[in-house]
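Peer 1: For reference, the file structure-v2.cif (mmCIF, C-alpha atoms) is included below:
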data_query
loop_
_atom_site.group_PDB
_atom_site.id
_atom_site.type_symbol
_atom_site.label_atom_id
_atom_site.label_comp_id
_atom_site.auth_asym_id
_atom_site.auth_seq_id
_atom_site.Cartn_x
_atom_site.Cartn_y
_atom_site.Cartn_z
ATOM 1 C CA MET A 12 95.082 96.987 216.338
ATOM 2 C CA GLU A 13 94.516 96.987 220.080
ATOM 3 C CA ASN A 14 94.785 100.780 220.335
ATOM 4 C CA PHE A 15 92.574 101.654 217.345
ATOM 5 C CA THR A 16 90.189 104.475 218.128
ATOM 6 C CA PRO A 17 87.921 105.428 215.216
ATOM 7 C CA GLY A 18 87.186 108.893 216.619
ATOM 8 C CA SER A 19 90.796 109.996 216.829
ATOM 9 C CA ALA A 20 91.571 108.358 213.473
ATOM 10 C CA LEU A 21 88.721 110.297 211.874
ATOM 11 C CA ALA A 22 89.802 113.544 213.544
ATOM 12 C CA GLY A 23 93.374 113.024 212.387
ATOM 13 C CA GLY A 24 92.243 112.353 208.823
ATOM 14 C CA VAL A 25 90.067 115.471 208.813
ATOM 15 C CA ILE A 26 92.937 117.597 210.136
ATOM 16 C CA ILE A 27 95.336 116.217 207.522
ATOM 17 C CA GLY A 28 92.759 116.830 204.792
ATOM 18 C CA LEU A 29 92.070 120.387 205.920
ATOM 19 C CA SER A 30 95.764 121.211 206.200
ATOM 20 C CA THR A 31 96.463 119.944 202.675
ATOM 21 C CA ILE A 32 93.510 121.956 201.336
ATOM 22 C CA LEU A 33 94.801 125.080 203.091
ATOM 23 C CA LEU A 34 98.342 124.607 201.785
ATOM 24 C CA MET A 35 97.057 124.094 198.238
ATOM 25 C CA GLY A 36 94.478 126.883 198.455
ATOM 26 C CA LEU A 37 96.666 129.517 200.097
ATOM 27 C CA LEU A 38 100.087 128.744 198.625
ATOM 28 C CA GLY A 39 99.343 126.486 195.662
ATOM 29 C CA ARG A 40 101.677 123.829 197.077
ATOM 30 C CA ILE A 41 101.406 120.064 197.552
ATOM 31 C CA ALA A 42 101.833 118.757 201.110
ATOM 32 C CA GLY A 43 104.362 116.095 200.141
ATOM 33 C CA ILE A 44 107.053 115.689 202.771
ATOM 34 C CA SER A 45 109.812 114.807 200.295
ATOM 35 C CA GLY A 46 109.036 117.931 198.262
ATOM 36 C CA VAL A 47 108.942 120.126 201.354
ATOM 37 C CA ILE A 48 112.304 118.836 202.582
ATOM 38 C CA GLY A 49 113.787 118.839 199.079
ATOM 39 C CA GLY A 50 112.828 122.496 198.736
ATOM 40 C CA LEU A 51 114.759 123.307 201.900
ATOM 41 C CA LEU A 52 117.837 121.575 200.530
ATOM 42 C CA ARG A 53 117.715 123.741 197.382
ATOM 43 C CA PRO A 54 117.861 127.285 198.725
ATOM 44 C CA ALA A 55 114.961 129.466 197.568
ATOM 45 C CA MET A 56 114.586 132.098 200.251
ATOM 46 C CA GLU A 57 111.043 133.112 199.259
ATOM 47 C CA GLU A 58 109.808 129.578 200.031
ATOM 48 C CA ALA A 59 111.969 128.693 203.018
ATOM 49 C CA GLY A 60 109.550 130.202 205.558
ATOM 50 C CA TRP A 61 106.488 128.073 204.847
ATOM 51 C CA ARG A 62 108.592 124.939 204.343
ATOM 52 C CA LEU A 63 110.321 125.408 207.690
ATOM 53 C CA ALA A 64 106.987 126.166 209.404
ATOM 54 C CA PHE A 65 105.541 122.974 207.886
ATOM 55 C CA LEU A 66 108.394 120.860 209.261
ATOM 56 C CA VAL A 67 108.276 122.537 212.688
ATOM 57 C CA GLY A 68 104.543 121.807 212.788
ATOM 58 C CA LEU A 69 105.165 118.125 212.033
ATOM 59 C CA ILE A 70 107.376 117.915 215.106
ATOM 60 C CA ALA A 71 105.566 120.378 217.373
ATOM 61 C CA GLY A 72 102.079 118.947 216.766
ATOM 62 C CA PRO A 73 102.576 115.632 218.567
ATOM 63 C CA VAL A 74 104.612 117.335 221.302
ATOM 64 C CA ALA A 75 101.804 119.841 221.922
ATOM 65 C CA TRP A 76 99.188 117.063 221.844
ATOM 66 C CA GLY A 77 101.115 115.062 224.432
ATOM 67 C CA THR A 78 101.556 118.173 226.586
ATOM 68 C CA VAL A 79 97.792 118.735 226.836
ATOM 69 C CA GLY A 80 97.218 115.117 227.807
ATOM 70 C CA GLY A 81 96.598 113.443 224.449
ATOM 71 C CA PHE A 82 97.882 109.926 223.911
ATOM 72 C CA VAL A 83 101.164 109.800 222.015
ATOM 73 C CA PRO A 84 102.421 106.249 221.461
ATOM 74 C CA PRO A 85 106.009 105.609 222.490
ATOM 75 C CA VAL A 86 108.537 105.525 219.672
ATOM 76 C CA GLU A 87 110.900 102.580 219.775
ATOM 77 C CA VAL A 88 113.528 102.218 217.074
ATOM 78 C CA THR A 89 115.034 98.745 217.175
ATOM 79 C CA ALA A 90 116.921 98.768 213.867
ATOM 80 C CA ARG A 91 120.629 99.438 213.783
ATOM 81 C CA LEU A 92 122.079 102.575 212.189
ATOM 82 C CA PRO A 93 123.217 100.927 208.898
ATOM 83 C CA VAL A 94 119.701 99.578 208.345
ATOM 84 C CA LEU A 95 118.158 102.989 209.076
ATOM 85 C CA LEU A 96 120.583 104.751 206.728
ATOM 86 C CA THR A 97 119.969 102.227 203.947
ATOM 87 C CA GLY A 98 116.206 102.520 204.384
ATOM 88 C CA GLY A 99 116.400 106.302 204.343
ATOM 89 C CA LEU A 100 118.455 106.309 201.155
ATOM 90 C CA LEU A 101 116.044 103.864 199.485
ATOM 91 C CA VAL A 102 113.045 105.986 200.465
ATOM 92 C CA GLY A 103 114.765 109.110 199.149
ATOM 93 C CA ALA A 104 115.677 107.392 195.880
ATOM 94 C CA GLY A 105 112.137 106.041 195.524
ATOM 95 C CA SER A 106 110.649 109.476 196.157
ATOM 96 C CA ALA A 107 112.901 110.970 193.502
ATOM 97 C CA LEU A 108 112.139 108.172 191.042
ATOM 98 C CA GLY A 109 108.387 108.369 191.692
ATOM 99 C CA SER A 110 108.320 112.190 191.593
ATOM 100 C CA GLY A 111 106.909 112.344 195.112
ATOM 101 C CA CYS A 112 106.259 110.470 198.313
ATOM 102 C CA THR A 113 103.320 108.716 199.926
ATOM 103 C CA SER A 114 101.918 111.915 201.373
ATOM 104 C CA GLY A 115 102.204 113.837 198.114
ATOM 105 C CA HIS A 116 100.730 111.096 195.948
ATOM 106 C CA GLY A 117 98.530 109.301 198.483
ATOM 107 C CA ILE A 118 96.853 112.312 200.041
ATOM 108 C CA CYS A 119 97.166 115.216 197.649
ATOM 109 C CA GLY A 120 97.426 113.385 194.326
ATOM 110 C CA LEU A 121 94.490 111.071 194.990
ATOM 111 C CA ALA A 122 92.396 114.029 196.131
ATOM 112 C CA ARG A 123 93.114 115.669 192.769
ATOM 113 C CA LEU A 124 92.156 112.399 190.995
ATOM 114 C CA SER A 125 95.630 112.097 189.478
ATOM 115 C CA PRO A 126 96.039 108.760 187.616
ATOM 116 C CA ARG A 127 99.807 108.915 188.176
ATOM 117 C CA SER A 128 99.263 109.296 191.916
ATOM 118 C CA LEU A 129 96.857 106.349 191.940
ATOM 119 C CA VAL A 130 99.472 104.127 190.294
ATOM 120 C CA ALA A 131 102.222 105.417 192.594
ATOM 121 C CA THR A 132 100.095 104.848 195.715
ATOM 122 C CA LEU A 133 99.186 101.318 194.625
ATOM 123 C CA ILE A 134 102.874 100.565 194.057
ATOM 124 C CA PHE A 135 103.796 102.020 197.488
ATOM 125 C CA MET A 136 101.183 99.847 199.168
ATOM 126 C CA VAL A 137 102.044 96.621 197.321
ATOM 127 C CA VAL A 138 105.778 97.036 197.940
ATOM 128 C CA GLY A 139 105.160 97.903 201.604
ATOM 129 C CA ILE A 140 102.955 94.836 202.122
ATOM 130 C CA ALA A 141 105.469 92.602 200.329
ATOM 131 C CA THR A 142 108.347 94.015 202.387
ATOM 132 C CA VAL A 143 106.566 93.359 205.678
ATOM 133 C CA PHE A 144 105.700 89.838 204.543
ATOM 134 C CA VAL A 145 109.287 89.049 203.534
ATOM 135 C CA VAL A 146 110.815 90.569 206.675
ATOM 136 C CA ARG A 147 108.370 88.914 209.089
ATOM 137 C CA HIS A 148 107.698 85.575 207.442
ATOM 138 C CA VAL A 149 110.589 84.780 205.107
ATOM 139 C CA ILE A 150 113.623 86.342 206.791
ATOM 140 C CA GLY A 151 112.095 86.085 210.259
ATOM 141 C CA GLY A 152 112.713 89.611 211.545
#
Now that the file is in, can you turn its structure into C-alpha coordinates?
Peer 2:
Amino acid sequence: MENFTPGSALAGGVIIGLSTILLMGLLGRIAGISGVIGGLLRPAMEEAGWRLAFLVGLIAGPVAWGTVGGFVPPVEVTARLPVLLTGGLLVGAGSALGSGCTSGHGICGLARLSPRSLVATLIFMVVGIATVFVVRHVIGG
(Lines of atoms letter the chains of each structure in order from A and count residues from 1; the text may use other names and numbers.)
(Lines give C-alpha, C1' and ligand atoms only; values in the text may rest on other atoms or scores of the structure.)
Protein backbone atom coordinates (compact mmCIF):
# COMPACT_ATOMS: atom_id res chain seq x y z
CA MET A 1 0.00 0.00 0.00
CA GLU A 2 2.99 2.30 -0.34
CA ASN A 3 1.77 3.75 -3.65
CA PHE A 4 -1.87 4.31 -2.65
CA THR A 5 -3.15 7.67 -3.80
CA PRO A 6 -6.78 8.35 -2.85
CA GLY A 7 -7.23 11.01 -5.54
CA SER A 8 -6.28 8.78 -8.44
CA ALA A 9 -8.21 5.86 -6.94
CA LEU A 10 -11.31 8.03 -6.71
CA ALA A 11 -10.84 9.34 -10.25
CA GLY A 12 -10.40 5.81 -11.56
CA GLY A 13 -13.54 4.64 -9.78
CA VAL A 14 -15.55 7.56 -11.16
CA ILE A 15 -14.30 6.87 -14.69
CA ILE A 16 -15.16 3.17 -14.41
CA GLY A 17 -18.60 4.04 -13.04
CA LEU A 18 -19.31 6.57 -15.79
CA SER A 19 -18.15 4.20 -18.52
CA THR A 20 -20.40 1.40 -17.25
CA ILE A 21 -23.35 3.81 -17.06
CA LEU A 22 -22.68 4.96 -20.64
CA LEU A 23 -22.40 1.40 -21.95
CA MET A 24 -25.64 0.41 -20.21
CA GLY A 25 -27.46 3.62 -21.14
CA LEU A 26 -26.38 3.82 -24.78
CA LEU A 27 -26.16 0.15 -25.75
CA GLY A 28 -28.02 -1.66 -22.97
CA ARG A 29 -24.96 -3.82 -22.30
CA ILE A 30 -23.13 -4.90 -19.15
CA ALA A 31 -19.43 -3.98 -18.92
CA GLY A 32 -18.33 -7.48 -17.94
CA ILE A 33 -15.01 -8.40 -19.52
CA SER A 34 -15.83 -12.11 -19.87
CA GLY A 35 -19.08 -11.26 -21.66
CA VAL A 36 -17.37 -8.77 -23.95
CA ILE A 37 -14.66 -11.26 -24.93
CA GLY A 38 -17.14 -14.14 -25.13
CA GLY A 39 -19.23 -12.10 -27.55
CA LEU A 40 -16.21 -11.68 -29.82
CA LEU A 41 -15.64 -15.43 -29.83
CA ARG A 42 -19.23 -16.03 -31.00
CA PRO A 43 -19.46 -14.04 -34.22
CA ALA A 44 -22.31 -11.51 -34.24
CA MET A 45 -21.22 -8.83 -36.66
CA GLU A 46 -23.67 -6.19 -35.40
CA GLU A 47 -22.01 -6.28 -31.96
CA ALA A 48 -18.38 -6.81 -32.92
CA GLY A 49 -17.65 -3.08 -33.28
CA TRP A 50 -18.43 -1.94 -29.75
CA ARG A 51 -16.88 -5.07 -28.23
CA LEU A 52 -13.64 -4.55 -30.13
CA ALA A 53 -13.62 -0.83 -29.24
CA PHE A 54 -14.11 -1.76 -25.57
CA LEU A 55 -11.13 -4.12 -25.62
CA VAL A 56 -8.93 -1.65 -27.53
CA GLY A 57 -9.81 0.97 -24.92
CA LEU A 58 -8.76 -1.36 -22.10
CA ILE A 59 -5.32 -1.62 -23.66
CA ALA A 60 -4.99 1.89 -25.09
CA GLY A 61 -6.11 3.69 -21.92
CA PRO A 62 -3.08 2.87 -19.77
CA VAL A 63 -0.75 3.35 -22.75
CA ALA A 64 -2.19 6.83 -23.39
CA TRP A 65 -2.02 7.68 -19.68
CA GLY A 66 1.64 6.68 -19.53
CA THR A 67 2.37 8.67 -22.69
CA VAL A 68 1.08 11.91 -21.16
CA GLY A 69 3.17 11.37 -18.04
CA GLY A 70 0.78 9.51 -15.75
CA PHE A 71 2.17 6.83 -13.46
CA VAL A 72 1.72 3.32 -14.81
CA PRO A 73 3.11 0.64 -12.48
CA PRO A 74 5.46 -1.86 -14.08
CA VAL A 75 3.95 -5.23 -14.90
CA GLU A 76 6.03 -8.19 -13.78
CA VAL A 77 4.77 -11.69 -14.44
CA THR A 78 6.76 -14.20 -12.43
CA ALA A 79 4.58 -17.29 -12.90
CA ARG A 80 5.50 -19.91 -15.45
CA LEU A 81 3.37 -20.55 -18.54
CA PRO A 82 1.62 -23.72 -17.23
CA VAL A 83 0.50 -21.84 -14.12
CA LEU A 84 -0.77 -18.92 -16.21
CA LEU A 85 -2.66 -21.24 -18.57
CA THR A 86 -4.21 -23.17 -15.68
CA GLY A 87 -5.23 -19.94 -13.95
CA GLY A 88 -6.73 -18.59 -17.16
CA LEU A 89 -8.74 -21.75 -17.73
CA LEU A 90 -10.00 -21.71 -14.12
CA VAL A 91 -11.03 -18.06 -14.41
CA GLY A 92 -12.83 -18.78 -17.68
CA ALA A 93 -14.61 -21.80 -16.20
CA GLY A 94 -15.56 -19.80 -13.10
CA SER A 95 -16.91 -16.96 -15.23
CA ALA A 96 -19.01 -19.41 -17.22
CA LEU A 97 -20.23 -21.17 -14.08
CA GLY A 98 -21.03 -17.89 -12.32
CA SER A 99 -22.68 -16.35 -15.40
CA GLY A 100 -20.23 -13.45 -15.37
CA CYS A 101 -16.97 -12.11 -14.03
CA THR A 102 -15.89 -9.76 -11.27
CA SER A 103 -16.42 -6.67 -13.39
CA GLY A 104 -19.87 -7.74 -14.56
CA HIS A 105 -21.11 -8.79 -11.13
CA GLY A 106 -18.97 -6.56 -8.90
CA ILE A 107 -19.43 -3.29 -10.73
CA CYS A 108 -22.53 -3.54 -12.88
CA GLY A 109 -24.53 -6.14 -10.94
CA LEU A 110 -24.02 -4.48 -7.56
CA ALA A 111 -24.96 -1.11 -9.05
CA ARG A 112 -28.23 -2.68 -10.20
CA LEU A 113 -28.75 -4.14 -6.69
CA SER A 114 -28.74 -7.69 -8.07
CA PRO A 115 -28.84 -10.27 -5.22
CA ARG A 116 -27.15 -12.83 -7.50
CA SER A 117 -24.31 -10.39 -8.16
CA LEU A 118 -23.91 -9.72 -4.44
CA VAL A 119 -23.53 -13.45 -3.75
CA ALA A 120 -21.16 -13.89 -6.70
CA THR A 121 -19.00 -10.94 -5.61
CA LEU A 122 -18.81 -12.20 -2.03
CA ILE A 123 -17.74 -15.62 -3.32
CA PHE A 124 -15.10 -14.04 -5.61
CA MET A 125 -13.68 -12.07 -2.69
CA VAL A 126 -13.66 -14.95 -0.19
CA VAL A 127 -12.04 -17.35 -2.67
CA GLY A 128 -9.48 -14.70 -3.68
CA ILE A 129 -8.55 -13.98 -0.05
CA ALA A 130 -8.32 -17.71 0.73
CA THR A 131 -6.17 -18.33 -2.35
CA VAL A 132 -3.71 -15.59 -1.41
CA PHE A 133 -3.55 -16.90 2.15
CA VAL A 134 -2.87 -20.48 1.02
CA VAL A 135 -0.30 -19.48 -1.60
CA ARG A 136 1.59 -17.07 0.67
CA HIS A 137 1.31 -18.72 4.06
CA VAL A 138 0.63 -22.42 3.55
CA ILE A 139 2.46 -23.28 0.33
CA GLY A 140 4.99 -20.49 0.77
CA GLY A 141 4.87 -18.90 -2.69
Peer 1: Under the PyMOL selection byres ((chain A and resi 115) around 9), which residues of this model are included? Write them out as a PyMOL selection string.
Peer 2: chain A and resi 41-46+111-114+116-121+128
Peer 1: Any chance you could export the current selection's C-alpha atoms as a tab-separated table (two decimals), in the frame of the given file?
Peer 2:
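See part-v1.tsv below for the written result:
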chain	number	residue	atom	x	y	z
A	41	ILE	CA	101.41	120.06	197.55
A	42	ALA	CA	101.83	118.76	201.11
A	43	GLY	CA	104.36	116.10	200.14
A	44	ILE	CA	107.05	115.69	202.77
A	45	SER	CA	109.81	114.81	200.30
A	46	GLY	CA	109.04	117.93	198.26
A	111	GLY	CA	106.91	112.34	195.11
A	112	CYS	CA	106.26	110.47	198.31
A	113	THR	CA	103.32	108.72	199.93
A	114	SER	CA	101.92	111.92	201.37
A	116	HIS	CA	100.73	111.10	195.95
A	117	GLY	CA	98.53	109.30	198.48
A	118	ILE	CA	96.85	112.31	200.04
A	119	CYS	CA	97.17	115.22	197.65
A	120	GLY	CA	97.43	113.38	194.33
A	121	LEU	CA	94.49	111.07	194.99
A	128	SER	CA	99.26	109.30	191.92
Peer 1: So the first atom is atom CA of Ile150 of chain A and the second is atom CA of Phe15 of chain A; what is the distance between them in Å, to one decimal place?
Peer 2: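 Computing the Euclidean distance for atom CA of Ile150 of chain A and atom CA of Phe15 of chain A yields 28.1 Å.
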Peer 1: Pick the closest to Gly109 of chain A from A:Leu92, A:Leu21, A:Val74, A:Leu133: which is it, counting all atoms listed in the file?
Peer 2: A:Leu133
Peer 1: Tell me, in Å to one decimal, how far atom CA of Leu63 of chain A is from atom CA of Val47 of chain A.
Peer 2: 8.4 Å
Peer 1: If you measure from atom CA of Ser30 of chain A to atom CA of Trp76 of chain A, what distance in Å do you get, rounded to one decimal?
Peer 2: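 Between these atoms lies a distance of 16.5 Å.
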Peer 1: From the options A:Ala64, A:Ala107, A:Val102, A:Leu96, which residue's atoms come nearest to Leu34 of chain A, counting all atoms listed in the file?
Peer 2: A:Ala64
Peer 1: Excluding segment 58-62 of chain A and any residue of its chain fewer than 2 positions from it, enumerate the residues within 10 Å of it, using all atoms listed in the file, and give them as a PyMOL selection string.
Peer 2: chain A and resi 34+38+42+44+46-56+64-68
Peer 1: Which residue, A:His148, A:Leu69, A:Gly80, A:Thr31, has the smallest gap to Arg123 of chain A when you use only C-alpha atoms?
Peer 2: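 Going through A:His148, A:Leu69, A:Gly80, A:Thr31 one by one, the smallest distance to Arg123 of chain A is for A:Thr31.
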Peer 1: Determine the nearest neighbour of Thr132 of chain A from the options A:Gly151, A:Val88, A:Ser110, A:Pro73, counting all atoms listed in the file.
Peer 2: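 That would be A:Ser110, the residue with the smallest distance to Thr132 of chain A.
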